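The file structure.cif contains mmCIF, C-alpha atoms:
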data_upload
loop_
_atom_site.label_atom_id
_atom_site.label_comp_id
_atom_site.auth_asym_id
_atom_site.auth_seq_id
_atom_site.Cartn_x
_atom_site.Cartn_y
_atom_site.Cartn_z
CA MET M 280 14.48 9.05 8.84
CA PRO M 281 16.31 8.12 5.61
CA THR M 282 16.58 10.59 2.75
CA ASP M 283 14.88 10.16 -0.62
CA TYR M 284 18.20 9.21 -2.16
CA GLU M 285 18.85 6.56 0.51
CA ILE M 286 15.37 5.07 0.04
CA PHE M 287 15.61 4.97 -3.75
CA THR M 288 19.14 3.56 -3.67
CA ALA M 289 18.13 0.90 -1.13
CA ILE M 290 15.27 -0.25 -3.36
CA LYS M 291 17.52 -0.36 -6.42
CA THR M 292 20.27 -2.29 -4.62
CA SER M 293 17.82 -4.71 -3.02
CA LEU M 294 16.16 -5.45 -6.36
CA ASN M 295 19.53 -5.98 -8.05
CA ASP M 296 20.54 -8.45 -5.33
CA TRP M 297 17.17 -10.20 -5.66
CA ASN M 298 17.60 -10.55 -9.43
CA ARG M 299 21.08 -12.01 -8.99
CA ASN M 300 19.80 -14.45 -6.37
CA GLN M 301 16.98 -15.49 -8.67
CA LYS M 302 19.44 -16.33 -11.42
CA PHE M 303 21.73 -18.13 -8.95
CA SER M 304 18.84 -20.11 -7.47
CA SER M 305 17.74 -21.22 -10.91
CA THR M 306 21.26 -22.33 -11.85
CA ASN M 307 21.89 -23.88 -8.44
CA SER M 308 18.63 -25.82 -8.62
CA ILE M 309 19.76 -27.46 -11.87
CA ASP M 310 23.20 -28.19 -10.41
CA ASN M 311 21.67 -29.67 -7.24
CA ASN M 312 19.42 -31.94 -9.29
CA ASN M 313 22.41 -33.18 -11.27
CA GLU M 314 24.40 -33.64 -8.06
CA ARG M 315 21.61 -35.64 -6.45
CA LEU M 316 21.46 -37.92 -9.49
CA SER M 317 25.22 -38.45 -9.30
CA ARG M 318 25.06 -39.14 -5.57
CA THR M 319 22.28 -41.66 -6.10
CA LYS M 320 24.39 -43.55 -8.60
CA ARG M 321 27.43 -43.45 -6.32
CA ASP M 322 25.42 -44.60 -3.30
CA GLN M 323 24.22 -47.64 -5.23
CA HIS M 324 27.84 -48.80 -5.44
CA SER M 325 29.03 -47.54 -2.08
CA SER M 326 28.93 -49.06 1.38
CA LEU M 327 29.51 -45.75 3.15
CA LYS M 328 26.75 -44.79 5.58
CA GLY M 329 25.62 -41.55 7.17
CA VAL M 330 27.01 -39.24 4.48
CA GLU M 331 25.10 -35.93 4.61
CA ASP M 332 24.04 -33.93 1.57
CA ASP M 333 25.90 -30.66 2.06
CA SER M 334 23.75 -28.92 -0.50
CA GLN M 335 20.73 -29.43 1.73
CA GLN M 336 22.44 -27.84 4.73
CA THR M 337 22.74 -24.42 3.06
CA GLN M 338 19.22 -24.23 1.69
CA MET M 339 16.90 -21.58 3.10
CA PRO M 340 13.85 -22.82 5.03
CA GLN M 341 10.92 -23.61 2.79
CA GLN M 342 8.39 -22.30 5.30
CA VAL M 343 8.06 -20.44 8.58
CA CYS M 344 5.15 -20.70 11.01
CA TYR M 345 4.10 -18.10 13.56
CA GLU M 346 1.54 -18.51 16.31
CA HIS M 347 -1.82 -16.94 15.44
CA PHE M 348 -0.72 -16.22 11.86
CA GLY M 349 -0.14 -19.64 10.34
CA CYS M 350 2.59 -20.73 7.97
CA PHE M 351 4.22 -18.90 5.08
CA ARG M 352 5.76 -21.01 2.32
CA HIS M 353 8.04 -20.53 -0.64
CA LYS M 354 5.65 -22.59 -2.73
CA GLY M 355 2.46 -21.00 -3.94
CA PRO M 356 1.64 -17.51 -5.18
CA PHE M 357 4.56 -15.89 -3.30
CA ASP M 358 7.24 -18.28 -4.54
CA TYR M 359 8.73 -15.62 -6.85
CA LEU M 360 9.86 -13.56 -3.83
CA ASN M 361 12.11 -16.36 -2.55
CA THR M 362 11.88 -14.57 0.81
CA LEU M 363 9.69 -15.37 3.81
CA PRO M 364 8.20 -12.84 6.24
CA ALA M 365 10.23 -12.08 9.34
CA SER M 366 8.85 -12.96 12.75
CA PRO M 367 6.28 -10.76 14.53
CA GLU M 368 8.91 -10.06 17.19
CA SER M 369 11.46 -8.74 14.70
CA ILE M 370 8.91 -6.67 12.76
CA GLY M 371 7.58 -5.24 16.02
CA THR M 372 4.30 -3.89 14.66
CA THR M 373 2.53 -1.46 16.99
CA PHE M 374 -0.86 0.24 16.83
CA SER M 375 -1.86 3.60 18.30
CA LEU M 376 -5.43 4.87 18.64
CA HIS M 377 -6.12 8.56 18.02
CA THR M 378 -9.43 10.31 18.65
CA ARG M 379 -10.39 13.90 19.39
CA ARG M 380 -9.78 13.08 23.04
CA ASN M 381 -6.18 11.94 22.57
CA TYR M 382 -5.05 13.23 19.18
CA ILE M 383 -1.43 14.05 20.05
CA GLU M 384 -0.18 11.11 22.09
CA GLY M 385 -2.55 8.39 21.01
CA GLU M 386 -3.26 5.23 22.95
CA PRO M 387 -1.50 1.89 22.34
CA LEU M 388 -3.60 -0.99 21.08
CA ASP M 389 -2.77 -4.68 21.28
CA TYR M 390 -3.90 -7.14 18.63
CA ASN M 391 -3.39 -10.19 20.84
CA ASP M 392 -6.23 -12.24 22.31
CA ASP M 393 -8.04 -11.11 25.42
CA ASP M 394 -7.34 -14.14 27.57
CA ASN M 395 -5.94 -11.94 30.33
CA ASP M 396 -8.61 -9.23 30.15
CA ASP M 397 -11.10 -8.93 32.97
CA LYS M 398 -14.43 -10.62 32.46
CA ASP M 399 -17.82 -9.45 33.70
CA SER M 400 -21.02 -11.45 33.98
CA SER M 401 -22.98 -8.41 32.77
CA THR M 402 -21.23 -8.68 29.41
CA GLY M 403 -21.98 -12.36 29.05
CA GLY M 404 -18.43 -13.29 29.94
CA LYS M 405 -16.97 -11.14 27.16
CA PRO M 406 -13.86 -9.06 27.90
CA ILE M 407 -14.50 -5.58 29.25
CA PRO M 408 -13.28 -2.88 26.80
CA THR M 409 -10.15 -1.30 28.21
CA HIS M 410 -9.58 1.56 25.75
CA ASN M 411 -11.66 4.40 27.13
CA SER M 412 -11.15 6.68 24.13
CA PHE M 413 -12.44 4.15 21.59
CA ASN M 414 -16.02 4.90 20.56
CA GLY M 415 -17.77 1.94 19.01
CA THR M 416 -20.41 4.14 17.38
CA ASN M 417 -17.82 5.93 15.23
CA GLY M 418 -16.07 4.65 12.14
CA VAL M 419 -12.51 3.30 12.15
CA LYS M 420 -9.70 4.56 9.90
CA ILE M 421 -6.43 2.61 9.75
CA ILE M 422 -3.39 4.41 8.27
CA ILE M 423 -0.42 2.33 7.07
CA HIS M 424 2.98 3.71 6.03
CA GLY M 425 5.37 2.30 3.45
CA PHE M 426 9.05 1.41 3.01
CA GLY M 427 11.66 3.25 5.08
CA SER M 428 9.04 5.08 7.08
CA SER M 429 7.06 5.04 10.34
CA SER M 430 3.78 6.21 11.81
CA LYS M 431 5.61 9.26 13.20
CA ARG M 432 6.10 10.78 9.76
CA PRO M 433 4.50 14.22 9.31
CA TRP M 434 2.13 13.04 6.59
CA VAL M 435 0.62 10.38 8.88
CA GLN M 436 0.12 12.95 11.62
CA LYS M 437 -1.35 15.46 9.15
CA MET M 438 -3.77 12.89 7.75
CA THR M 439 -4.81 11.96 11.28
CA GLU M 440 -5.37 15.63 12.07
CA VAL M 441 -7.53 16.47 9.04
CA LEU M 442 -9.63 13.32 9.45
CA LEU M 443 -10.33 14.18 13.08
CA GLN M 444 -11.30 17.69 12.03
CA LEU M 445 -13.86 16.10 9.73
CA ASP M 446 -15.33 13.73 12.32
CA ASP M 447 -14.48 12.03 15.62
CA PHE M 448 -13.23 8.84 14.03
CA ASN M 449 -11.27 6.09 15.74
CA ILE M 450 -8.01 6.49 13.85
CA ILE M 451 -5.43 3.72 14.20
CA ASN M 452 -1.88 4.39 13.04
CA VAL M 453 0.07 1.25 12.16
CA ASP M 454 3.82 1.31 12.78
CA TRP M 455 5.84 -1.51 11.23
CA GLN M 456 9.04 0.51 11.03
CA ASN M 457 11.35 -2.40 11.86
CA GLY M 458 9.75 -4.53 9.16
CA SER M 459 10.00 -1.83 6.50
CA LYS M 460 13.45 -0.47 7.32
CA LEU M 461 16.30 -0.01 4.89
CA PRO M 462 18.15 -1.49 3.15
CA ASN M 463 16.22 -4.69 2.33
CA TYR M 464 13.20 -3.74 0.22
CA VAL M 465 12.61 -7.37 -0.78
CA GLN M 466 12.32 -8.41 2.87
CA ALA M 467 9.95 -5.50 3.52
CA ALA M 468 7.81 -6.62 0.57
CA ALA M 469 7.63 -10.12 2.07
CA ASN M 470 6.77 -8.69 5.48
CA THR M 471 3.62 -7.03 4.10
CA GLN M 472 1.89 -10.42 4.27
CA LEU M 473 2.43 -10.76 8.01
CA VAL M 474 1.58 -7.14 8.84
CA GLY M 475 -1.66 -7.56 6.90
CA LYS M 476 -2.53 -10.55 9.08
CA GLN M 477 -1.70 -8.56 12.21
CA ILE M 478 -4.10 -5.80 11.15
CA ALA M 479 -6.77 -8.41 10.40
CA ARG M 480 -6.31 -9.82 13.89
CA LEU M 481 -6.76 -6.36 15.39
CA ILE M 482 -9.92 -5.80 13.34
CA ARG M 483 -11.40 -9.06 14.61
CA LYS M 484 -10.55 -8.09 18.18
CA ILE M 485 -12.23 -4.69 17.82
CA GLU M 486 -15.26 -6.36 16.27
CA ARG M 487 -15.45 -8.72 19.24
CA LEU M 488 -14.86 -6.09 21.93
CA TYR M 489 -16.87 -3.18 20.59
CA ASN M 490 -19.30 -4.84 18.17
CA VAL M 491 -17.87 -2.85 15.25
CA PRO M 492 -18.38 -4.84 12.01
CA PRO M 493 -15.77 -4.86 9.21
CA SER M 494 -18.13 -2.68 7.18
CA ARG M 495 -17.15 0.24 9.46
CA PHE M 496 -13.43 -0.01 8.68
CA HIS M 497 -11.55 2.09 6.13
CA LEU M 498 -7.89 1.18 5.50
CA ILE M 499 -5.59 3.80 3.98
CA GLY M 500 -2.17 2.58 2.82
CA PHE M 501 0.69 4.36 1.10
CA SER M 502 3.16 2.54 -1.16
CA LEU M 503 3.92 -0.86 0.46
CA GLY M 504 1.23 0.03 3.00
CA ALA M 505 -1.39 -0.23 0.25
CA HIS M 506 -0.53 -3.91 -0.25
CA VAL M 507 -0.51 -4.43 3.52
CA ALA M 508 -4.10 -3.15 3.50
CA GLY M 509 -4.90 -5.55 0.67
CA PHE M 510 -3.60 -8.54 2.64
CA ALA M 511 -5.67 -7.47 5.64
CA GLY M 512 -8.70 -7.34 3.36
CA GLN M 513 -7.99 -10.86 2.14
CA GLU M 514 -8.16 -12.06 5.75
CA VAL M 515 -11.32 -10.20 6.84
CA ALA M 516 -14.39 -10.31 4.61
CA ASN M 517 -16.52 -7.24 3.94
CA ILE M 518 -14.03 -4.52 4.83
CA SER M 519 -15.85 -1.34 3.84
CA ARG M 520 -13.08 0.42 1.96
CA ILE M 521 -9.39 0.36 1.12
CA THR M 522 -7.65 3.44 -0.27
CA GLY M 523 -4.36 2.68 -2.02
CA LEU M 524 -2.10 5.72 -2.25
CA ASP M 525 0.30 4.99 -5.12
CA PRO M 526 0.74 1.28 -4.27
CA ALA M 527 4.35 0.14 -4.57
CA SER M 528 5.24 -1.26 -7.98
CA PRO M 529 8.48 -3.28 -7.52
CA LEU M 530 7.64 -6.96 -6.88
CA PHE M 531 3.88 -6.32 -7.08
CA GLU M 532 2.91 -4.85 -10.45
CA GLY M 533 2.23 -7.51 -13.06
CA TYR M 534 1.79 -10.27 -10.49
CA PRO M 535 -1.46 -12.15 -9.67
CA ALA M 536 -4.21 -10.38 -7.74
CA ASN M 537 -3.76 -12.51 -4.62
CA VAL M 538 -0.22 -11.18 -4.01
CA ARG M 539 -1.11 -7.48 -4.13
CA LEU M 540 -3.93 -5.01 -3.64
CA ASP M 541 -6.93 -5.76 -5.86
CA PRO M 542 -10.64 -4.82 -6.09
CA SER M 543 -11.81 -7.91 -4.19
CA ASP M 544 -10.00 -6.91 -0.98
CA ALA M 545 -12.84 -4.63 0.18
CA GLN M 546 -16.34 -3.58 -0.77
CA PHE M 547 -14.81 -0.48 -2.37
CA VAL M 548 -11.17 -0.03 -3.37
CA ASP M 549 -10.00 3.35 -4.66
CA VAL M 550 -6.45 3.89 -5.88
CA ILE M 551 -4.55 7.10 -6.59
CA HIS M 552 -1.72 6.60 -9.10
CA SER M 553 0.85 9.38 -8.92
CA ASN M 554 4.20 7.80 -9.87
CA GLY M 555 3.58 4.90 -12.25
CA ASP M 556 6.40 5.90 -14.59
CA GLY M 557 8.41 2.69 -14.34
CA PHE M 558 11.26 2.11 -11.90
CA ILE M 559 13.98 2.71 -14.49
CA ARG M 560 12.63 6.27 -14.87
CA GLY M 561 12.28 6.83 -11.14
CA GLY M 562 8.72 5.54 -10.77
CA LEU M 563 7.88 3.68 -7.57
CA GLY M 564 4.11 3.32 -7.91
CA VAL M 565 1.95 1.01 -10.01
CA TYR M 566 0.31 2.12 -13.22
CA GLU M 567 -1.73 -1.07 -13.51
CA PRO M 568 -5.36 -0.67 -12.31
CA MET M 569 -5.86 -2.26 -8.90
CA GLY M 570 -9.10 -0.78 -7.62
CA SER M 571 -12.82 -0.47 -8.14
CA VAL M 572 -11.88 2.99 -9.36
CA ASP M 573 -8.36 4.09 -10.33
CA PHE M 574 -7.45 7.77 -10.44
CA TYR M 575 -4.66 8.99 -12.71
CA PRO M 576 -3.98 12.64 -11.81
CA ASN M 577 -1.93 14.37 -14.51
CA GLY M 578 -1.66 11.01 -16.24
CA GLY M 579 -0.53 9.09 -13.14
CA ARG M 580 3.15 8.99 -14.03
CA VAL M 581 4.81 12.33 -13.21
CA GLN M 582 3.13 15.15 -11.28
CA VAL M 583 3.18 18.84 -12.11
CA GLY M 584 5.47 20.62 -9.69
CA CYS M 585 7.66 17.52 -9.30
CA SER M 586 10.54 16.21 -11.35
CA THR M 587 11.56 13.06 -13.13
CA ALA M 588 14.60 11.19 -11.82
CA LEU M 589 16.77 13.35 -14.10
CA GLY M 590 15.09 16.46 -12.75
CA ALA M 591 15.76 15.29 -9.20
CA LEU M 592 19.46 14.94 -10.07
CA THR M 593 19.36 18.54 -11.30
CA ASN M 594 17.85 19.55 -7.94
CA ILE M 595 20.79 18.11 -6.01
CA LEU M 596 23.31 19.75 -8.36
CA TYR M 597 21.77 23.20 -8.23
CA HIS M 598 19.80 23.30 -4.99
CA GLY M 599 21.56 20.77 -2.75
CA GLN M 600 18.47 18.65 -2.10
CA TRP M 601 16.95 15.44 -3.40
CA ASN M 602 13.30 15.28 -4.35
CA LEU M 603 13.19 11.81 -5.84
CA LEU M 604 9.97 10.78 -4.10
CA CYS M 605 7.96 13.94 -4.84
CA ASN M 606 5.80 12.19 -7.44
CA HIS M 607 5.29 9.14 -5.22
CA ARG M 608 4.36 11.19 -2.15
CA ARG M 609 1.98 13.39 -4.08
CA ALA M 610 -0.66 10.64 -3.70
CA PHE M 611 -1.06 11.13 0.05
CA ARG M 612 -0.90 14.91 -0.37
CA PHE M 613 -3.82 14.71 -2.82
CA PHE M 614 -5.77 12.60 -0.35
CA ILE M 615 -5.10 14.97 2.56
CA ASP M 616 -6.24 17.92 0.44
CA SER M 617 -9.40 16.08 -0.56
CA VAL M 618 -10.57 15.73 3.05
CA HIS M 619 -11.21 19.47 3.17
CA GLN M 620 -14.75 20.05 1.99
CA GLY M 621 -14.75 22.37 -0.97
CA CYS M 622 -11.48 20.94 -2.31
CA THR M 623 -12.83 18.78 -5.12
CA PHE M 624 -10.77 16.64 -7.49
CA ARG M 625 -13.29 16.02 -10.27
CA ALA M 626 -12.21 13.05 -12.39
CA PHE M 627 -13.56 11.80 -15.71
CA SER M 628 -13.84 8.38 -17.27
CA CYS M 629 -11.73 8.12 -20.40
CA THR M 630 -9.87 5.62 -22.55
CA ASN M 631 -6.52 7.25 -21.80
CA TYR M 632 -4.97 10.46 -20.52
CA GLU M 633 -4.17 11.78 -23.98
CA ASP M 634 -7.84 11.70 -25.00
CA TYR M 635 -8.75 13.39 -21.73
CA VAL M 636 -6.28 16.24 -22.36
CA ARG M 637 -7.75 16.67 -25.85
CA GLY M 638 -11.10 17.36 -24.19
CA GLN M 639 -12.82 14.22 -25.43
CA CYS M 640 -14.02 13.01 -22.02
CA PHE M 641 -15.70 15.93 -20.24
CA TYR M 642 -18.99 14.13 -19.92
CA CYS M 643 -20.45 12.57 -16.80
CA GLY M 644 -23.48 10.93 -18.38
CA PRO M 645 -27.09 12.10 -18.38
CA ASP M 646 -27.35 11.74 -14.60
CA GLY M 647 -23.78 12.87 -13.82
CA ARG M 648 -22.84 9.50 -12.34
CA GLN M 649 -20.10 8.45 -14.75
CA CYS M 650 -17.59 10.81 -13.11
CA SER M 651 -16.00 10.60 -9.69
CA ASN M 652 -14.13 12.66 -7.09
CA MET M 653 -10.58 11.57 -6.31
CA GLY M 654 -9.70 11.25 -2.65
CA TYR M 655 -11.65 10.93 0.56
CA PHE M 656 -15.12 11.32 -0.94
CA ALA M 657 -14.55 8.91 -3.84
CA ASN M 658 -16.96 6.39 -2.33
CA LEU M 659 -19.86 8.84 -2.72
CA SER M 660 -19.52 8.83 -6.52
CA GLN M 661 -20.78 6.18 -8.91
CA GLY M 662 -17.92 6.32 -11.41
CA ARG M 663 -15.79 3.20 -11.74
CA GLY M 664 -12.75 2.15 -13.72
CA PRO M 665 -9.92 4.45 -14.87
CA MET M 666 -10.48 8.14 -14.10
CA TYR M 667 -8.36 11.06 -15.27
CA LEU M 668 -7.92 14.61 -14.02
CA ILE M 669 -5.54 17.56 -13.88
CA THR M 670 -4.34 19.13 -10.64
CA ARG M 671 -2.58 22.31 -9.63
CA ASP M 672 1.19 22.22 -9.18
CA LYS M 673 1.10 23.35 -5.53
CA GLU M 674 -1.20 23.26 -2.52
CA PRO M 675 -4.09 23.34 -2.60
CA PHE M 676 -3.76 20.87 -5.45
CA CYS M 677 -7.48 20.83 -6.21
CA GLY M 678 -9.01 23.27 -8.64
CA SER M 679 -11.65 23.71 -11.29
CA CYS M 680 -11.14 22.30 -14.75
CA TYR M 681 -12.96 23.71 -17.76
CA SER M 682 -13.46 22.54 -21.30
CA LEU M 683 -13.57 25.37 -23.81
CA SER M 684 -14.81 24.99 -27.36
CA CYS M 685 -14.02 27.65 -29.93
CA PHE M 686 -15.84 27.92 -33.24
CA ILE M 687 -14.23 30.02 -35.92
CA ASN M 688 -16.28 31.20 -38.84
CA LEU M 689 -13.92 31.79 -41.72
CA ILE M 690 -15.17 34.53 -44.01
CA PRO M 691 -13.55 34.42 -47.42
CA MET M 692 -11.81 37.61 -48.42
CA SER M 693 -13.35 39.34 -51.41
#

Here is the file; what I need is its structure written in the form of structure tokens.
Amino acid sequence: MPTDYEIFTAIKTSLNDWNRNQKFSSTNSIDNNNERLSRTKRDQHSSLKGVEDDSQQTQMPQQVCYEHFGCFRHKGPFDYLNTLPASPESIGTTFSLHTRRNYIEGEPLDYNDDDNDDKDSSTGGKPIPTHNSFNGTNGVKIIIHGFGSSSKRPWVQKMTEVLLQLDDFNIINVDWQNGSKLPNYVQAAANTQLVGKQIARLIRKIERLYNVPPSRFHLIGFSLGAHVAGFAGQEVANISRITGLDPASPLFEGYPANVRLDPSDAQFVDVIHSNGDGFIRGGLGVYEPMGSVDFYPNGGRVQVGCSTALGALTNILYHGQWNLLCNHRRAFRFFIDSVHQGCTFRAFSCTNYEDYVRGQCFYCGPDGRQCSNMGYFANLSQGRGPMYLITRDKEPFCGSCYSLSCFINLIPMS
């Protein structure tokens, strides 16, 4: 797996190349228009036939179409990317099912149609379920990694483990490693659209095979994986819940809702912001609200116990290790901690983090419903909108937060 430095450098280089290409495309478009006008005038006075327009030969395709997933075009909401999703074959997305019966190895799942599955008259001609460990009476959790990662990463395995300790869920780990690999972050960002459609196709298949409605699905995505979850939610109505763990900022923050995770992608969308400090300062996550409820632990920019980009440089100089993604990764560590009952991340509605730190927002309303709990149990709370909280600087990150008021009675000296 790539190091933090390699991941951060790949994103920076890819974005720089993308910016240069954007400027070149804009200039080249003007030049091509002028060239076409000149050619038109020349052709009106020329008898030459069959002359090809060389400028057209080097243009990138304006759309790509993939069976089962439709066409992706440069025009439309994604035109700013100037990059189309790679093919399903090159991305190579795989799904593995994990339950209490097969936690370690998992069981491969296929999102393709069931044309080749056995049929049985007792099921009304429907395909016979072939995944013995899948239990249609239990909920489904889908975990999606981000850029430069895979479903074999320790955090994915740890999240799978703690969720199965909580209940015998059907946990599906999505691996789109080839589509998210270094060095091309821009291509990985474009690939999120296709991977989202692949997940949607799998959800429909599970619904058909096991009679599990979308309202039983909970998608959990980290970084680029959060936007993948959003695209899946755009394809399948009434997904129960999407949890965005520090959704990736570059090429998503500040863009329209239909090209990123947003509250309409599921019945409930909760987002943990842990690294929304801006890319120039080492931030990889969004600060912009994107959920039904948005949690900003420690302000949502830099986490206690982590470093800024400058601090990470100090780490390599003095300790020989990079920790550039500590703030970004803290989002999934918070979520994993929150699964343990008794580890509560109480969050409070407030105008901003500064007012929260001043103690102006420690009020949950007369019925206690204006607050929320960050993490796994967020859907059990009524609080919505921006929520702020303070965490510990090491595991367990949860803790109790108190507001103290001191009243000083000044007695004048005689």

Can you translate the PyMOL selection byres ((chain M and resi 544-558) around 7) into the concrete residues it hits in this file, as a PDB file with C-alpha atoms, in the frame of the given file?
ATOM      1  CA  GLY M 509      -4.900  -5.550   0.670  1.00  0.00           C
ATOM      2  CA  GLY M 512      -8.700  -7.340   3.360  1.00  0.00           C
ATOM      3  CA  GLN M 513      -7.990 -10.860   2.140  1.00  0.00           C
ATOM      4  CA  ASN M 517     -16.520  -7.240   3.940  1.00  0.00           C
ATOM      5  CA  ILE M 518     -14.030  -4.520   4.830  1.00  0.00           C
ATOM      6  CA  SER M 519     -15.850  -1.340   3.840  1.00  0.00           C
ATOM      7  CA  ARG M 520     -13.080   0.420   1.960  1.00  0.00           C
ATOM      8  CA  ILE M 521      -9.390   0.360   1.120  1.00  0.00           C
ATOM      9  CA  THR M 522      -7.650   3.440  -0.270  1.00  0.00           C
ATOM     10  CA  GLY M 523      -4.360   2.680  -2.020  1.00  0.00           C
ATOM     11  CA  LEU M 524      -2.100   5.720  -2.250  1.00  0.00           C
ATOM     12  CA  ASP M 525       0.300   4.990  -5.120  1.00  0.00           C
ATOM     13  CA  LEU M 540      -3.930  -5.010  -3.640  1.00  0.00           C
ATOM     14  CA  ASP M 541      -6.930  -5.760  -5.860  1.00  0.00           C
ATOM     15  CA  PRO M 542     -10.640  -4.820  -6.090  1.00  0.00           C
ATOM     16  CA  SER M 543     -11.810  -7.910  -4.190  1.00  0.00           C
ATOM     17  CA  ILE M 559      13.980   2.710 -14.490  1.00  0.00           C
ATOM     18  CA  ARG M 560      12.630   6.270 -14.870  1.00  0.00           C
ATOM     19  CA  GLY M 561      12.280   6.830 -11.140  1.00  0.00           C
ATOM     20  CA  GLY M 562       8.720   5.540 -10.770  1.00  0.00           C
ATOM     21  CA  LEU M 563       7.880   3.680  -7.570  1.00  0.00           C
ATOM     22  CA  GLY M 564       4.110   3.320  -7.910  1.00  0.00           C
ATOM     23  CA  VAL M 565       1.950   1.010 -10.010  1.00  0.00           C
ATOM     24  CA  TYR M 566       0.310   2.120 -13.220  1.00  0.00           C
ATOM     25  CA  MET M 569      -5.860  -2.260  -8.900  1.00  0.00           C
ATOM     26  CA  GLY M 570      -9.100  -0.780  -7.620  1.00  0.00           C
ATOM     27  CA  SER M 571     -12.820  -0.470  -8.140  1.00  0.00           C
ATOM     28  CA  VAL M 572     -11.880   2.990  -9.360  1.00  0.00           C
ATOM     29  CA  ASP M 573      -8.360   4.090 -10.330  1.00  0.00           C
ATOM     30  CA  PHE M 574      -7.450   7.770 -10.440  1.00  0.00           C
ATOM     31  CA  TYR M 575      -4.660   8.990 -12.710  1.00  0.00           C
ATOM     32  CA  PRO M 576      -3.980  12.640 -11.810  1.00  0.00           C
ATOM     33  CA  GLY M 579      -0.530   9.090 -13.140  1.00  0.00           C
ATOM     34  CA  ARG M 580       3.150   8.990 -14.030  1.00  0.00           C
ATOM     35  CA  VAL M 581       4.810  12.330 -13.210  1.00  0.00           C
ATOM     36  CA  GLN M 582       3.130  15.150 -11.280  1.00  0.00           C
ATOM     37  CA  ASN M 606       5.800  12.190  -7.440  1.00  0.00           C
ATOM     38  CA  HIS M 607       5.290   9.140  -5.220  1.00  0.00           C
ATOM     39  CA  ARG M 609       1.980  13.390  -4.080  1.00  0.00           C
ATOM     40  CA  ALA M 610      -0.660  10.640  -3.700  1.00  0.00           C
TER      41      ALA M 610
END

Selection dump of the PyMOL selection byres ((chain M and resi 420) around 8), as a list in words: Gly418, Val419, Ile421, Ile422, Phe448, Asn449, Ile450, Ile451, Phe496, His497, Leu498 and Ile499 of chain M

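As for CA of Leu503 in chain M and CA of Gly425 in chain M, they are spaced 4.6 Å apart.
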
Selection: 8 Å around Ala365 in chain M, all atoms listed in the file, excl. self and same-chain fewer than 6 positions, as a ChimeraX atom specification: /M:458,466,469-470

Selection: 8 Å around Phe611 in chain M, only C-alpha atoms, excl. self and same-chain fewer than 2 positions, as a ChimeraX atom specification: /M:434,501,524,608-609,613-615

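Proximity ranking of M:Leu668, M:Asp296, M:Phe351, M:Cys622 relative to Asp634 in chain M places M:Leu668 first, based on only C-alpha atoms.
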
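Between Tyr359 in chain M and the residues M:Cys643, M:Ile290, M:Phe531, M:Arg379, the shortest atom-to-atom distance, using only C-alpha atoms, involves M:Phe531.
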
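The residues returned by the PyMOL selection byres ((chain M and resi 435) around 10) for this structure are Ile422, Ile423, His424, Ser429, Ser430, Lys431, Arg432, Pro433, Trp434, Gln436, Lys437, Met438, Thr439, Glu440, Asn452, Val453, Phe501, Phe611 and Ile615 of chain M.
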
Shell around Gly662 in chain M at 9 Å using only C-alpha atoms, local window under 3 positions removed, as an MDAnalysis selection string: chainID M and resid 572 626:628 643 648:652 657 665:666

Residue nearest Ala468 in chain M among M:Ala527, M:Ile482, M:Leu603, M:Leu445 (counting only C-alpha atoms): M:Ala527

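Using only C-alpha atoms for every distance, the candidate list M:Thr630, M:Asn417, M:Asn463, M:Thr373 yields M:Asn463 as the residue closest to Thr288 in chain M.
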
Which residue of M:Leu442, M:Leu363, M:Cys640, M:Cys350 approaches His377 in chain M most closely, using all atoms listed in the file: M:Leu442

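Residue nearest Asp358 in chain M within the list M:Asn411, M:Pro535, M:Arg299, M:Thr623: M:Pro535 [criterion: smallest interatomic distance, all atoms listed in the file].
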
Exercise: range 340-342 of chain M partners within 12 Å, only C-alpha atoms, chain neighbours under 4 positions left out, as a ChimeraX atom specification: /M:335-336,349-355,357-358,361-366

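As for CA of Ala516 in chain M and CA of Ser369 in chain M, they are spaced 27.8 Å apart.
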